[in-house]
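Student: Sharing protein_16.pdb below, PDB, C-alpha atoms and all ligand atoms:
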ATOM      1  CA  MET A   1      13.905  92.281  93.528  1.00  0.00           C
ATOM      2  CA  SER A   2      17.328  90.626  93.729  1.00  0.00           C
ATOM      3  CA  ALA A   3      19.679  91.135  96.678  1.00  0.00           C
ATOM      4  CA  ASP A   4      21.793  93.428  94.453  1.00  0.00           C
ATOM      5  CA  GLU A   5      18.940  95.830  93.654  1.00  0.00           C
ATOM      6  CA  VAL A   6      18.707  97.912  96.794  1.00  0.00           C
ATOM      7  CA  THR A   7      16.856 101.167  96.147  1.00  0.00           C
ATOM      8  CA  GLN A   8      18.057 104.613  97.200  1.00  0.00           C
ATOM      9  CA  ALA A   9      15.110 104.828  99.598  1.00  0.00           C
ATOM     10  CA  GLU A  10      16.134 101.585 101.305  1.00  0.00           C
ATOM     11  CA  LYS A  11      19.712 102.805 101.600  1.00  0.00           C
ATOM     12  CA  ALA A  12      18.451 106.082 103.050  1.00  0.00           C
ATOM     13  CA  GLY A  13      16.556 104.191 105.778  1.00  0.00           C
ATOM     14  CA  ALA A  14      19.766 102.579 107.052  1.00  0.00           C
ATOM     15  CA  ALA A  15      22.255 105.352 106.234  1.00  0.00           C
ATOM     16  CA  PRO A  16      21.803 107.518 109.379  1.00  0.00           C
ATOM     17  CA  TYR A  17      23.397 104.904 111.652  1.00  0.00           C
ATOM     18  CA  SER A  18      26.909 106.306 111.605  1.00  0.00           C
ATOM     19  CA  ARG A  19      29.371 105.421 114.363  1.00  0.00           C
ATOM     20  CA  ALA A  20      28.680 108.853 115.872  1.00  0.00           C
ATOM     21  CA  LEU A  21      24.926 108.258 116.009  1.00  0.00           C
ATOM     22  CA  LEU A  22      25.387 104.732 117.348  1.00  0.00           C
ATOM     23  CA  SER A  23      27.603 106.074 120.156  1.00  0.00           C
ATOM     24  CA  VAL A  24      24.643 108.063 121.573  1.00  0.00           C
ATOM     25  CA  TYR A  25      21.821 105.748 120.431  1.00  0.00           C
ATOM     26  CA  ASP A  26      21.437 103.775 123.666  1.00  0.00           C
ATOM     27  CA  THR A  27      21.035 106.955 125.693  1.00  0.00           C
ATOM     28  CA  VAL A  28      19.024 109.108 123.316  1.00  0.00           C
ATOM     29  CA  VAL A  29      16.800 106.481 121.688  1.00  0.00           C
ATOM     30  CA  LEU A  30      16.672 103.536 124.060  1.00  0.00           C
ATOM     31  CA  ARG A  31      16.668 105.397 127.367  1.00  0.00           C
ATOM     32  CA  TRP A  32      14.896 108.684 126.562  1.00  0.00           C
ATOM     33  CA  SER A  33      13.008 108.570 123.294  1.00  0.00           C
ATOM     34  CA  ASN A  34      11.411 105.129 123.657  1.00  0.00           C
ATOM     35  CA  THR A  35       9.962 106.090 127.039  1.00  0.00           C
ATOM     36  CA  LEU A  36       9.244 109.789 126.675  1.00  0.00           C
ATOM     37  CA  VAL A  37       8.274 110.068 123.010  1.00  0.00           C
ATOM     38  CA  TRP A  38       6.914 106.701 121.832  1.00  0.00           C
ATOM     39  CA  ARG A  39       5.838 105.580 125.350  1.00  0.00           C
ATOM     40  CA  CYS A  40       7.165 102.074 124.852  1.00  0.00           C
ATOM     41  CA  PRO A  41      10.116 101.627 127.227  1.00  0.00           C
ATOM     42  CA  SER A  42      13.093  99.595 126.076  1.00  0.00           C
ATOM     43  CA  GLU A  43      12.593  97.288 129.078  1.00  0.00           C
ATOM     44  CA  ARG A  44       9.169  96.359 127.645  1.00  0.00           C
ATOM     45  CA  LEU A  45      10.822  95.477 124.341  1.00  0.00           C
ATOM     46  CA  LEU A  46      13.614  93.580 126.083  1.00  0.00           C
ATOM     47  CA  ALA A  47      10.910  91.509 127.796  1.00  0.00           C
ATOM     48  CA  HIS A  48       9.491  90.793 124.323  1.00  0.00           C
ATOM     49  CA  TYR A  49      12.922  89.528 123.275  1.00  0.00           C
ATOM     50  CA  ASN A  50      13.179  87.402 126.403  1.00  0.00           C
ATOM     51  CA  SER A  51       9.778  85.816 125.701  1.00  0.00           C
ATOM     52  CA  HIS A  52      10.541  84.931 122.108  1.00  0.00           C
ATOM     53  CA  LEU A  53      14.282  84.418 121.555  1.00  0.00           C
ATOM     54  CA  GLY A  54      15.086  80.974 120.182  1.00  0.00           C
ATOM     55  CA  GLY A  55      18.301  78.973 120.161  1.00  0.00           C
ATOM     56  CA  ARG A  56      18.844  79.842 116.501  1.00  0.00           C
ATOM     57  CA  HIS A  57      18.087  83.555 116.121  1.00  0.00           C
ATOM     58  CA  LEU A  58      18.247  85.996 113.201  1.00  0.00           C
ATOM     59  CA  ASP A  59      18.201  89.686 114.145  1.00  0.00           C
ATOM     60  CA  ILE A  60      17.338  92.103 111.352  1.00  0.00           C
ATOM     61  CA  GLY A  61      18.428  95.708 111.861  1.00  0.00           C
ATOM     62  CA  PRO A  62      20.169  95.160 115.217  1.00  0.00           C
ATOM     63  CA  GLY A  63      21.290  98.790 115.697  1.00  0.00           C
ATOM     64  CA  THR A  64      23.730  98.946 118.610  1.00  0.00           C
ATOM     65  CA  GLY A  65      22.919  95.375 119.668  1.00  0.00           C
ATOM     66  CA  TRP A  66      21.656  96.506 123.089  1.00  0.00           C
ATOM     67  CA  TYR A  67      18.729  94.071 123.130  1.00  0.00           C
ATOM     68  CA  LEU A  68      20.860  91.139 122.017  1.00  0.00           C
ATOM     69  CA  GLN A  69      23.504  91.981 124.608  1.00  0.00           C
ATOM     70  CA  HIS A  70      21.022  92.157 127.489  1.00  0.00           C
ATOM     71  CA  ALA A  71      18.566  89.433 126.475  1.00  0.00           C
ATOM     72  CA  ASN A  72      18.143  86.018 128.092  1.00  0.00           C
ATOM     73  CA  TYR A  73      18.827  83.224 125.614  1.00  0.00           C
ATOM     74  CA  PRO A  74      17.200  79.807 125.952  1.00  0.00           C
ATOM     75  CA  ASN A  75      20.596  78.087 126.055  1.00  0.00           C
ATOM     76  CA  PRO A  76      24.192  79.131 126.807  1.00  0.00           C
ATOM     77  CA  ASN A  77      25.380  78.715 123.219  1.00  0.00           C
ATOM     78  CA  PRO A  78      22.825  80.360 120.941  1.00  0.00           C
ATOM     79  CA  GLU A  79      23.415  80.562 117.206  1.00  0.00           C
ATOM     80  CA  VAL A  80      22.934  84.201 116.230  1.00  0.00           C
ATOM     81  CA  ALA A  81      22.890  85.766 112.763  1.00  0.00           C
ATOM     82  CA  LEU A  82      22.576  89.479 112.002  1.00  0.00           C
ATOM     83  CA  LEU A  83      21.318  91.200 108.870  1.00  0.00           C
ATOM     84  CA  ASP A  84      21.535  94.921 108.171  1.00  0.00           C
ATOM     85  CA  LEU A  85      22.192  97.240 105.265  1.00  0.00           C
ATOM     86  CA  ASN A  86      24.537  99.274 107.434  1.00  0.00           C
ATOM     87  CA  PRO A  87      27.933  97.718 108.284  1.00  0.00           C
ATOM     88  CA  ASN A  88      28.375  99.974 111.357  1.00  0.00           C
ATOM     89  CA  THR A  89      25.504  98.303 113.191  1.00  0.00           C
ATOM     90  CA  LEU A  90      26.787  94.858 112.263  1.00  0.00           C
ATOM     91  CA  GLN A  91      30.260  95.668 113.598  1.00  0.00           C
ATOM     92  CA  MET A  92      28.969  97.135 116.848  1.00  0.00           C
ATOM     93  CA  THR A  93      26.524  94.314 117.529  1.00  0.00           C
ATOM     94  CA  THR A  94      29.063  91.626 116.657  1.00  0.00           C
ATOM     95  CA  ALA A  95      31.515  93.173 119.134  1.00  0.00           C
ATOM     96  CA  ARG A  96      28.885  93.409 121.881  1.00  0.00           C
ATOM     97  CA  LEU A  97      27.869  89.799 121.389  1.00  0.00           C
ATOM     98  CA  ALA A  98      31.532  88.739 121.442  1.00  0.00           C
ATOM     99  CA  ASP A  99      31.745  90.298 124.931  1.00  0.00           C
ATOM    100  CA  ARG A 100      29.064  87.770 125.936  1.00  0.00           C
ATOM    101  CA  GLY A 101      30.960  84.960 124.251  1.00  0.00           C
ATOM    102  CA  ILE A 102      28.485  84.748 121.369  1.00  0.00           C
ATOM    103  CA  THR A 103      29.830  84.597 117.813  1.00  0.00           C
ATOM    104  CA  ALA A 104      27.384  86.088 115.322  1.00  0.00           C
ATOM    105  CA  ALA A 105      27.312  85.632 111.546  1.00  0.00           C
ATOM    106  CA  ALA A 106      26.819  89.061 109.928  1.00  0.00           C
ATOM    107  CA  HIS A 107      25.102  89.631 106.575  1.00  0.00           C
ATOM    108  CA  THR A 108      24.974  92.980 104.769  1.00  0.00           C
ATOM    109  CA  SER A 109      21.651  93.076 102.936  1.00  0.00           C
ATOM    110  CA  SER A 110      18.233  94.735 102.912  1.00  0.00           C
ATOM    111  CA  VAL A 111      15.268  93.203 104.676  1.00  0.00           C
ATOM    112  CA  LEU A 112      13.279  93.842 101.475  1.00  0.00           C
ATOM    113  CA  ALA A 113      15.596  91.658  99.392  1.00  0.00           C
ATOM    114  CA  PRO A 114      15.513  87.861  99.310  1.00  0.00           C
ATOM    115  CA  LEU A 115      17.591  86.663 102.254  1.00  0.00           C
ATOM    116  CA  PRO A 116      21.131  85.494 101.504  1.00  0.00           C
ATOM    117  CA  ARG A 117      21.375  81.887 100.330  1.00  0.00           C
ATOM    118  CA  ASN A 118      22.360  79.435 103.052  1.00  0.00           C
ATOM    119  CA  ILE A 119      21.713  81.981 105.808  1.00  0.00           C
ATOM    120  CA  GLY A 120      20.237  79.122 107.840  1.00  0.00           C
ATOM    121  CA  VAL A 121      16.991  78.149 109.538  1.00  0.00           C
ATOM    122  CA  PHE A 122      15.882  80.002 112.655  1.00  0.00           C
ATOM    123  CA  ASP A 123      13.714  79.412 115.697  1.00  0.00           C
ATOM    124  CA  SER A 124      13.245  83.165 116.021  1.00  0.00           C
ATOM    125  CA  VAL A 125      13.611  86.156 113.719  1.00  0.00           C
ATOM    126  CA  ALA A 126      13.359  89.707 115.085  1.00  0.00           C
ATOM    127  CA  ALA A 127      12.863  93.073 113.398  1.00  0.00           C
ATOM    128  CA  ASN A 128      12.697  95.544 116.255  1.00  0.00           C
ATOM    129  CA  PHE A 129      12.117  99.208 115.329  1.00  0.00           C
ATOM    130  CA  VAL A 130      13.077  98.371 111.739  1.00  0.00           C
ATOM    131  CA  LEU A 131       9.868  98.445 109.683  1.00  0.00           C
ATOM    132  CA  HIS A 132       9.267 102.165 110.316  1.00  0.00           C
ATOM    133  CA  CYS A 133      12.692 102.809 108.696  1.00  0.00           C
ATOM    134  CA  VAL A 134      11.874 100.777 105.584  1.00  0.00           C
ATOM    135  CA  PRO A 135      10.224 102.450 102.568  1.00  0.00           C
ATOM    136  CA  GLY A 136       7.005 101.277 100.970  1.00  0.00           C
ATOM    137  CA  THR A 137       3.400 100.343 101.646  1.00  0.00           C
ATOM    138  CA  TRP A 138       2.478  97.414 103.876  1.00  0.00           C
ATOM    139  CA  THR A 139       2.194  95.305 100.728  1.00  0.00           C
ATOM    140  CA  GLU A 140       5.795  96.180  99.866  1.00  0.00           C
ATOM    141  CA  LYS A 141       7.098  95.864 103.430  1.00  0.00           C
ATOM    142  CA  GLY A 142       5.132  92.605 103.672  1.00  0.00           C
ATOM    143  CA  GLN A 143       7.362  91.070 101.011  1.00  0.00           C
ATOM    144  CA  ALA A 144       9.999  90.958 103.732  1.00  0.00           C
ATOM    145  CA  PHE A 145       7.654  88.836 105.847  1.00  0.00           C
ATOM    146  CA  GLY A 146       7.529  86.287 103.010  1.00  0.00           C
ATOM    147  CA  HIS A 147      11.331  86.120 102.886  1.00  0.00           C
ATOM    148  CA  ILE A 148      11.529  85.778 106.671  1.00  0.00           C
ATOM    149  CA  ALA A 149       8.935  82.981 106.711  1.00  0.00           C
ATOM    150  CA  GLN A 150      11.118  80.957 104.336  1.00  0.00           C
ATOM    151  CA  VAL A 151      13.998  80.817 106.845  1.00  0.00           C
ATOM    152  CA  MET A 152      11.845  80.093 109.904  1.00  0.00           C
ATOM    153  CA  ALA A 153      11.422  76.676 111.467  1.00  0.00           C
ATOM    154  CA  ASP A 154       7.798  75.482 111.351  1.00  0.00           C
ATOM    155  CA  ASP A 155       7.446  76.212 115.070  1.00  0.00           C
ATOM    156  CA  GLY A 156       9.486  79.416 114.882  1.00  0.00           C
ATOM    157  CA  VAL A 157       8.431  82.971 115.641  1.00  0.00           C
ATOM    158  CA  PHE A 158       8.841  86.303 113.897  1.00  0.00           C
ATOM    159  CA  PHE A 159       8.676  89.116 116.445  1.00  0.00           C
ATOM    160  CA  GLY A 160       9.504  92.763 116.881  1.00  0.00           C
ATOM    161  CA  SER A 161       7.995  96.186 117.070  1.00  0.00           C
ATOM    162  CA  THR A 162       7.440  99.217 114.904  1.00  0.00           C
ATOM    163  CA  ILE A 163       6.281 102.803 115.358  1.00  0.00           C
ATOM    164  CA  LEU A 164       2.975 103.409 113.553  1.00  0.00           C
ATOM    165  CA  ALA A 165       1.613 106.641 112.109  1.00  0.00           C
ATOM    166  CA  THR A 166      -2.078 105.767 112.529  1.00  0.00           C
ATOM    167  CA  GLY A 167      -4.196 103.341 114.541  1.00  0.00           C
ATOM    168  CA  VAL A 168      -2.260 104.219 117.722  1.00  0.00           C
ATOM    169  CA  HIS A 169      -2.503 107.165 120.084  1.00  0.00           C
ATOM    170  CA  HIS A 170      -0.034 109.947 119.357  1.00  0.00           C
ATOM    171  CA  THR A 171       0.784 112.762 121.730  1.00  0.00           C
ATOM    172  CA  LEU A 172       1.597 116.188 120.323  1.00  0.00           C
ATOM    173  CA  LEU A 173       5.275 115.369 120.834  1.00  0.00           C
ATOM    174  CA  SER A 174       5.220 111.952 119.159  1.00  0.00           C
ATOM    175  CA  ARG A 175       3.131 113.242 116.246  1.00  0.00           C
ATOM    176  CA  ALA A 176       5.513 116.149 115.731  1.00  0.00           C
ATOM    177  CA  LEU A 177       8.616 113.955 115.854  1.00  0.00           C
ATOM    178  CA  ASN A 178       7.076 111.347 113.570  1.00  0.00           C
ATOM    179  CA  SER A 179       6.382 114.093 111.013  1.00  0.00           C
ATOM    180  CA  LEU A 180       9.881 115.502 111.431  1.00  0.00           C
ATOM    181  CA  TYR A 181      11.470 112.079 110.923  1.00  0.00           C
ATOM    182  CA  ASN A 182       9.398 111.493 107.776  1.00  0.00           C
ATOM    183  CA  GLY A 183      10.276 114.915 106.390  1.00  0.00           C
ATOM    184  CA  PRO A 184      13.166 117.243 107.093  1.00  0.00           C
ATOM    185  CA  ILE A 185      15.099 114.637 109.095  1.00  0.00           C
ATOM    186  CA  LYS A 186      14.799 111.495 107.024  1.00  0.00           C
ATOM    187  CA  LEU A 187      14.950 108.728 109.614  1.00  0.00           C
ATOM    188  CA  PHE A 188      11.523 107.098 109.154  1.00  0.00           C
ATOM    189  CA  HIS A 189       9.332 105.855 106.299  1.00  0.00           C
ATOM    190  CA  ASN A 190       6.120 105.180 108.209  1.00  0.00           C
ATOM    191  CA  ARG A 191       3.755 107.902 107.021  1.00  0.00           C
ATOM    192  CA  GLY A 192       1.374 105.253 105.654  1.00  0.00           C
ATOM    193  CA  ASP A 193       1.893 102.659 108.395  1.00  0.00           C
ATOM    194  CA  ASP A 194      -1.386 101.829 110.140  1.00  0.00           C
ATOM    195  CA  LEU A 195      -2.309  99.131 112.631  1.00  0.00           C
ATOM    196  CA  ASP A 196      -4.833  97.326 110.418  1.00  0.00           C
ATOM    197  CA  GLY A 197      -2.376  97.272 107.517  1.00  0.00           C
ATOM    198  CA  LEU A 198       0.330  95.701 109.685  1.00  0.00           C
ATOM    199  CA  HIS A 199      -2.129  93.047 110.883  1.00  0.00           C
ATOM    200  CA  THR A 200      -3.229  92.273 107.318  1.00  0.00           C
ATOM    201  CA  ALA A 201       0.357  92.068 106.037  1.00  0.00           C
ATOM    202  CA  LEU A 202       1.421  89.733 108.852  1.00  0.00           C
ATOM    203  CA  THR A 203      -1.705  87.582 108.498  1.00  0.00           C
ATOM    204  CA  THR A 204      -1.009  87.151 104.785  1.00  0.00           C
ATOM    205  CA  THR A 205       2.187  85.292 105.718  1.00  0.00           C
ATOM    206  CA  PHE A 206       1.486  83.848 109.180  1.00  0.00           C
ATOM    207  CA  GLU A 207      -1.500  81.914 110.569  1.00  0.00           C
ATOM    208  CA  ASN A 208      -1.138  83.205 114.111  1.00  0.00           C
ATOM    209  CA  VAL A 209      -0.531  86.932 114.683  1.00  0.00           C
ATOM    210  CA  GLU A 210      -0.558  88.841 117.967  1.00  0.00           C
ATOM    211  CA  ILE A 211      -0.137  92.619 118.073  1.00  0.00           C
ATOM    212  CA  THR A 212      -0.092  94.647 121.285  1.00  0.00           C
ATOM    213  CA  VAL A 213      -0.106  98.429 121.063  1.00  0.00           C
ATOM    214  CA  VAL A 214       2.172 100.119 123.613  1.00  0.00           C
ATOM    215  CA  GLY A 215       2.116 103.889 123.246  1.00  0.00           C
ATOM    216  CA  ALA A 216       2.675 104.629 119.543  1.00  0.00           C
ATOM    217  CA  VAL A 217       4.327 101.255 118.962  1.00  0.00           C
ATOM    218  CA  ALA A 218       2.938  97.973 117.647  1.00  0.00           C
ATOM    219  CA  VAL A 219       4.639  95.074 119.419  1.00  0.00           C
ATOM    220  CA  PHE A 220       4.066  91.913 117.380  1.00  0.00           C
ATOM    221  CA  ALA A 221       4.710  88.195 117.320  1.00  0.00           C
ATOM    222  CA  ALA A 222       3.771  85.920 114.429  1.00  0.00           C
ATOM    223  CA  HIS A 223       3.778  82.114 114.401  1.00  0.00           C
ATOM    224  CA  ARG A 224       2.976  79.342 111.935  1.00  0.00           C
ATOM    225  CA  PRO A 225       4.332  80.588 108.607  1.00  0.00           C
ATOM    226  CA  ARG A 226       2.007  79.736 105.739  1.00  0.00           C
ATOM    227  CA  ARG A 227       3.831  77.337 103.416  1.00  0.00           C
ATOM    228  CA  PRO A 228       2.808  77.587  99.735  1.00  0.00           C
ATOM    229  CA  GLY A 229       1.193  74.341  98.576  1.00  0.00           C
ATOM    230  CA  SER A 230       0.652  72.890 102.065  1.00  0.00           C
TER
HETATM  231  C1  LIG B   1      15.856 102.358 114.449  1.00  0.00           C
HETATM  232  S1  LIG B   1      17.200 101.250 114.255  1.00  0.00           S
HETATM  233  C2  LIG B   1      16.663  99.918 115.321  1.00  0.00           C
HETATM  234  C3  LIG B   1      17.825  99.258 115.988  1.00  0.00           C
HETATM  235  C4  LIG B   1      17.451  98.206 117.025  1.00  0.00           C
HETATM  236  N1  LIG B   1      16.807  97.054 116.412  1.00  0.00           N
HETATM  237  C5  LIG B   1      16.569  98.794 118.088  1.00  0.00           C
HETATM  238  O1  LIG B   1      15.452  98.319 118.281  1.00  0.00           O
HETATM  239  O2  LIG B   1      17.000  99.721 118.768  1.00  0.00           O
HETATM  240  C6  LIG B   1      16.887 100.580 112.629  1.00  0.00           C
HETATM  241  C7  LIG B   1      17.851  99.492 112.204  1.00  0.00           C
HETATM  242  O3  LIG B   1      17.385  98.931 110.975  1.00  0.00           O
HETATM  243  C8  LIG B   1      18.425  98.963 109.998  1.00  0.00           C
HETATM  244  N2  LIG B   1      17.785  99.092 108.683  1.00  0.00           N
HETATM  245  C9  LIG B   1      17.131 100.151 108.165  1.00  0.00           C
HETATM  246  N3  LIG B   1      16.673  99.865 106.941  1.00  0.00           N
HETATM  247  C10 LIG B   1      17.038  98.586 106.670  1.00  0.00           C
HETATM  248  C11 LIG B   1      16.857  97.711 105.559  1.00  0.00           C
HETATM  249  N4  LIG B   1      16.189  98.103 104.447  1.00  0.00           N
HETATM  250  N5  LIG B   1      17.348  96.465 105.628  1.00  0.00           N
HETATM  251  C12 LIG B   1      18.027  96.052 106.733  1.00  0.00           C
HETATM  252  N6  LIG B   1      18.233  96.814 107.822  1.00  0.00           N
HETATM  253  C13 LIG B   1      17.747  98.078 107.784  1.00  0.00           C
HETATM  254  C14 LIG B   1      19.288 100.149 110.420  1.00  0.00           C
HETATM  255  O4  LIG B   1      20.574 100.127 109.865  1.00  0.00           O
HETATM  256  C15 LIG B   1      19.264  99.979 111.938  1.00  0.00           C
HETATM  257  O5  LIG B   1      20.182  99.002 112.382  1.00  0.00           O
END
Kindly return the structure encoded in the file as C-alpha cells.
Ligand SMILES: C[S@@+](CC[C@H](N)C(=O)[O-])C[C@H]1O[C@@H](n2cnc3c(N)ncnc32)[C@H](O)[C@@H]1O
Tutor:
Amino acid sequence: MSADEVTQAEKAGAAPYSRALLSVYDTVVLRWSNTLVWRCPSERLLAHYNSHLGGRHLDIGPGTGWYLQHANYPNPNPEVALLDLNPNTLQMTTARLADRGITAAAHTSSVLAPLPRNIGVFDSVAANFVLHCVPGTWTEKGQAFGHIAQVMADDGVFFGSTILATGVHHTLLSRALNSLYNGPIKLFHNRGDDLDGLHTALTTTFENVEITVVGAVAVFAAHRPRRPGS
C-alpha cells in the first residue's frame, strides 16, 4: 500500500477524534474509562512512557497529547515527531508540547502506510491505544510494525498498549463496551485481536518482545528490530 491509498476503514478508525471529542477525552477516556472499564490506569501507561521515551521519539496516534505533555524525557531538548491520520490530534498535541517548549514535527498519514520519507530515525516509537482503532488482522496490523522497525535506531524501542478482545480478562462492562465500540459505535477494530496474535506479530519484526497484561490491555515493548539480510 502506498501512503496515498488509505482505506475507508482506516479513515473511520481516526475520524471520531473531532475537536469536541478531544475536549472531553482526558476526562472521559484517560481518567474514567481507562481505570473503570479497561482497568489499566493512565498513570500506569504514563509510567510505561517514562520507562521507554528516547531523545528522538515518534508518537503514532497521539490523541490529545496528554502522555507526551506529562512524560519525563531523557533530556531537556527531545526531538519529537507525531504521526496521525487525524489533523485535530496533531494540532492539539503540537500545541500542548509547545507549552512545554518542545517543537514537534507533525505528519498526517496512516500507521498502516509506509512512513513518510525522511521522517527521521528514532530511539523510541510509541503507539498507545492505537492498534485497537486500526482495521485488519494481526498480519495486516503487523505490517505497521515493519514500517516502524525501519525508522528505529538499532538500540531503539517500539512501545505502547492496546485493548484486546481475547486472551485477557473482560468484565461484563468491558466486554459490553468493546462490542459496542466494534458495532453500533464504530470506535474500535479489535474484534479479532488476541494476545497470542499480538505476540506473534511483534516477534515477526522484533527479536525481543515483552507484553504485560493489565486489565483488558496489552502493554508492550519491543527491542532489536530484525533487519532483512543481517
Ligand atoms: C484511542 S486514541 C489514542 C490516543 C492516545 N495515544 C492515548 O493513548 O490516549 C487513537 C489515536 O490513533 C489515531 N489513529 C487511528 N487510526 C489511525 C491510523 N490508521 N493511522 C494513524 N493514526 C490513527 C487517532 O486519530 C487517535 O489519535
Student: Determine, counting only C-alpha atoms, which protein, DNA and RNA residues have an atom within 7 Å of an atom of A:Ala165; residues of the same chain fewer than 2 positions away are not included. Present the result as a list in words.
Tutor: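 The residues satisfying every condition are Ile163, Asn190, Arg191, Gly192, Asp193 and Asp194 of chain A.
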Student: So what do you get for atom CA of A:His70 versus atom CA of A:Thr27, distance-wise?
Tutor: 14.9 Å
Student: Of the candidates A:Phe129, A:Trp38, A:Trp138, A:Phe206, which one gets nearest to A:Ser161 if we count only C-alpha atoms?
Tutor: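 Among A:Phe129, A:Trp38, A:Trp138, A:Phe206, it is A:Phe129 that comes nearest to A:Ser161.
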Student: Do you know which residues the PyMOL selection byres (((chain A and resi 56) around 9) and not hetatm) returns on this file, as number ranges by chain?
Tutor: A: 53-55, 57-58, 78-81, 120-125
Student: With the cut-off set at 8 Å and counting all atoms listed in the file, tabulate each residue of chain A with an atom at most that distance from an atom of ligand LIG 1 (chain B), showing the nearest atom pair and its distance in Å to one decimal, ordered by chain and increasing number, as JSON lines.
Tutor:
{"residue": "A:Glu10", "atom": "CA", "partner": "B:LIG1", "partner_atom": "N4", "distance": 4.7}
{"residue": "A:Lys11", "atom": "CA", "partner": "B:LIG1", "partner_atom": "N4", "distance": 6.5}
{"residue": "A:Ala12", "atom": "CA", "partner": "B:LIG1", "partner_atom": "N3", "distance": 7.5}
{"residue": "A:Gly13", "atom": "CA", "partner": "B:LIG1", "partner_atom": "N3", "distance": 4.5}
{"residue": "A:Ala14", "atom": "CA", "partner": "B:LIG1", "partner_atom": "C9", "distance": 3.8}
{"residue": "A:Ala15", "atom": "CA", "partner": "B:LIG1", "partner_atom": "O4", "distance": 6.6}
{"residue": "A:Pro16", "atom": "CA", "partner": "B:LIG1", "partner_atom": "O4", "distance": 7.5}
{"residue": "A:Tyr17", "atom": "CA", "partner": "B:LIG1", "partner_atom": "O4", "distance": 5.8}
{"residue": "A:Tyr25", "atom": "CA", "partner": "B:LIG1", "partner_atom": "O2", "distance": 7.9}
{"residue": "A:Asp26", "atom": "CA", "partner": "B:LIG1", "partner_atom": "O2", "distance": 7.8}
{"residue": "A:Val29", "atom": "CA", "partner": "B:LIG1", "partner_atom": "O2", "distance": 7.4}
{"residue": "A:Leu30", "atom": "CA", "partner": "B:LIG1", "partner_atom": "O2", "distance": 6.5}
{"residue": "A:Asp59", "atom": "CA", "partner": "B:LIG1", "partner_atom": "N1", "distance": 7.8}
{"residue": "A:Ile60", "atom": "CA", "partner": "B:LIG1", "partner_atom": "N6", "distance": 6.0}
{"residue": "A:Gly61", "atom": "CA", "partner": "B:LIG1", "partner_atom": "O3", "distance": 3.5}
{"residue": "A:Pro62", "atom": "CA", "partner": "B:LIG1", "partner_atom": "N1", "distance": 4.0}
{"residue": "A:Gly63", "atom": "CA", "partner": "B:LIG1", "partner_atom": "O5", "distance": 3.5}
{"residue": "A:Thr64", "atom": "CA", "partner": "B:LIG1", "partner_atom": "C3", "distance": 6.5}
{"residue": "A:Gly65", "atom": "CA", "partner": "B:LIG1", "partner_atom": "C4", "distance": 6.7}
{"residue": "A:Trp66", "atom": "CA", "partner": "B:LIG1", "partner_atom": "O2", "distance": 7.1}
{"residue": "A:Tyr67", "atom": "CA", "partner": "B:LIG1", "partner_atom": "O1", "distance": 7.2}
{"residue": "A:Leu83", "atom": "CA", "partner": "B:LIG1", "partner_atom": "C12", "distance": 6.2}
{"residue": "A:Asp84", "atom": "CA", "partner": "B:LIG1", "partner_atom": "N6", "distance": 3.8}
{"residue": "A:Leu85", "atom": "CA", "partner": "B:LIG1", "partner_atom": "C12", "distance": 4.6}
{"residue": "A:Asn86", "atom": "CA", "partner": "B:LIG1", "partner_atom": "O4", "distance": 4.7}
{"residue": "A:Pro87", "atom": "CA", "partner": "B:LIG1", "partner_atom": "O4", "distance": 7.9}
{"residue": "A:Asn88", "atom": "CA", "partner": "B:LIG1", "partner_atom": "O4", "distance": 7.9}
{"residue": "A:Thr89", "atom": "CA", "partner": "B:LIG1", "partner_atom": "O5", "distance": 5.4}
{"residue": "A:Leu90", "atom": "CA", "partner": "B:LIG1", "partner_atom": "O5", "distance": 7.8}
{"residue": "A:Thr108", "atom": "CA", "partner": "B:LIG1", "partner_atom": "C12", "distance": 7.8}
{"residue": "A:Ser109", "atom": "CA", "partner": "B:LIG1", "partner_atom": "C12", "distance": 6.0}
{"residue": "A:Ser110", "atom": "CA", "partner": "B:LIG1", "partner_atom": "N5", "distance": 3.3}
{"residue": "A:Val111", "atom": "CA", "partner": "B:LIG1", "partner_atom": "N5", "distance": 4.0}
{"residue": "A:Leu112", "atom": "CA", "partner": "B:LIG1", "partner_atom": "N4", "distance": 6.0}
{"residue": "A:Ala127", "atom": "CA", "partner": "B:LIG1", "partner_atom": "N1", "distance": 6.4}
{"residue": "A:Asn128", "atom": "CA", "partner": "B:LIG1", "partner_atom": "N1", "distance": 4.4}
{"residue": "A:Phe129", "atom": "CA", "partner": "B:LIG1", "partner_atom": "O1", "distance": 4.5}
{"residue": "A:Val130", "atom": "CA", "partner": "B:LIG1", "partner_atom": "O3", "distance": 4.4}
{"residue": "A:Leu131", "atom": "CA", "partner": "B:LIG1", "partner_atom": "N3", "distance": 7.5}
{"residue": "A:His132", "atom": "CA", "partner": "B:LIG1", "partner_atom": "C1", "distance": 7.8}
{"residue": "A:Cys133", "atom": "CA", "partner": "B:LIG1", "partner_atom": "C9", "distance": 5.2}
{"residue": "A:Val134", "atom": "CA", "partner": "B:LIG1", "partner_atom": "N3", "distance": 5.1}
{"residue": "A:Pro135", "atom": "CA", "partner": "B:LIG1", "partner_atom": "N4", "distance": 7.6}
{"residue": "A:Ser161", "atom": "CA", "partner": "B:LIG1", "partner_atom": "O1", "distance": 7.9}
Student: Taking only C-alpha atoms into account, which of A:Pro228, A:Asp196, A:Arg96, A:Asn77 comes nearest A:Gly146?
Tutor: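 Result for the nearest residue to A:Gly146: A:Pro228.
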Student: Hey, which of A:Ala153, A:Val24, A:Val6, A:Val37 ends up closest to A:Ala176? Count all atoms listed in the file.
Tutor: A:Val37
Student: Leaving out A:Arg117 and any residue of its chain fewer than 2 positions from it, which residues lie within 12 Å of it when counting all atoms listed in the file, given as a PyMOL selection string?
Tutor: chain A and resi 2-3+107+109+113-115+119-121+147+150-151
Student: Could you check the closest approach to A:Arg39 for each of A:Leu177, A:Met152, A:Ala20, A:Ala216 and tell me which residue wins, using all atoms listed in the file?
Tutor: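 For A:Arg39, the nearest of the given residues is A:Ala216.
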Student: Would you work out the distance separating atom CA of A:Arg224 from atom CA of A:Cys40, expressed in Å to one decimal?
Tutor: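 Separation of atom CA of A:Arg224 and atom CA of A:Cys40: 26.5 Å.
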Student: Would you compute the distance between atom CA of A:Asp155 and atom CA of A:Ile211? Give it in Å to one decimal.
Tutor: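 Distance between the two atoms: 18.3 Å.
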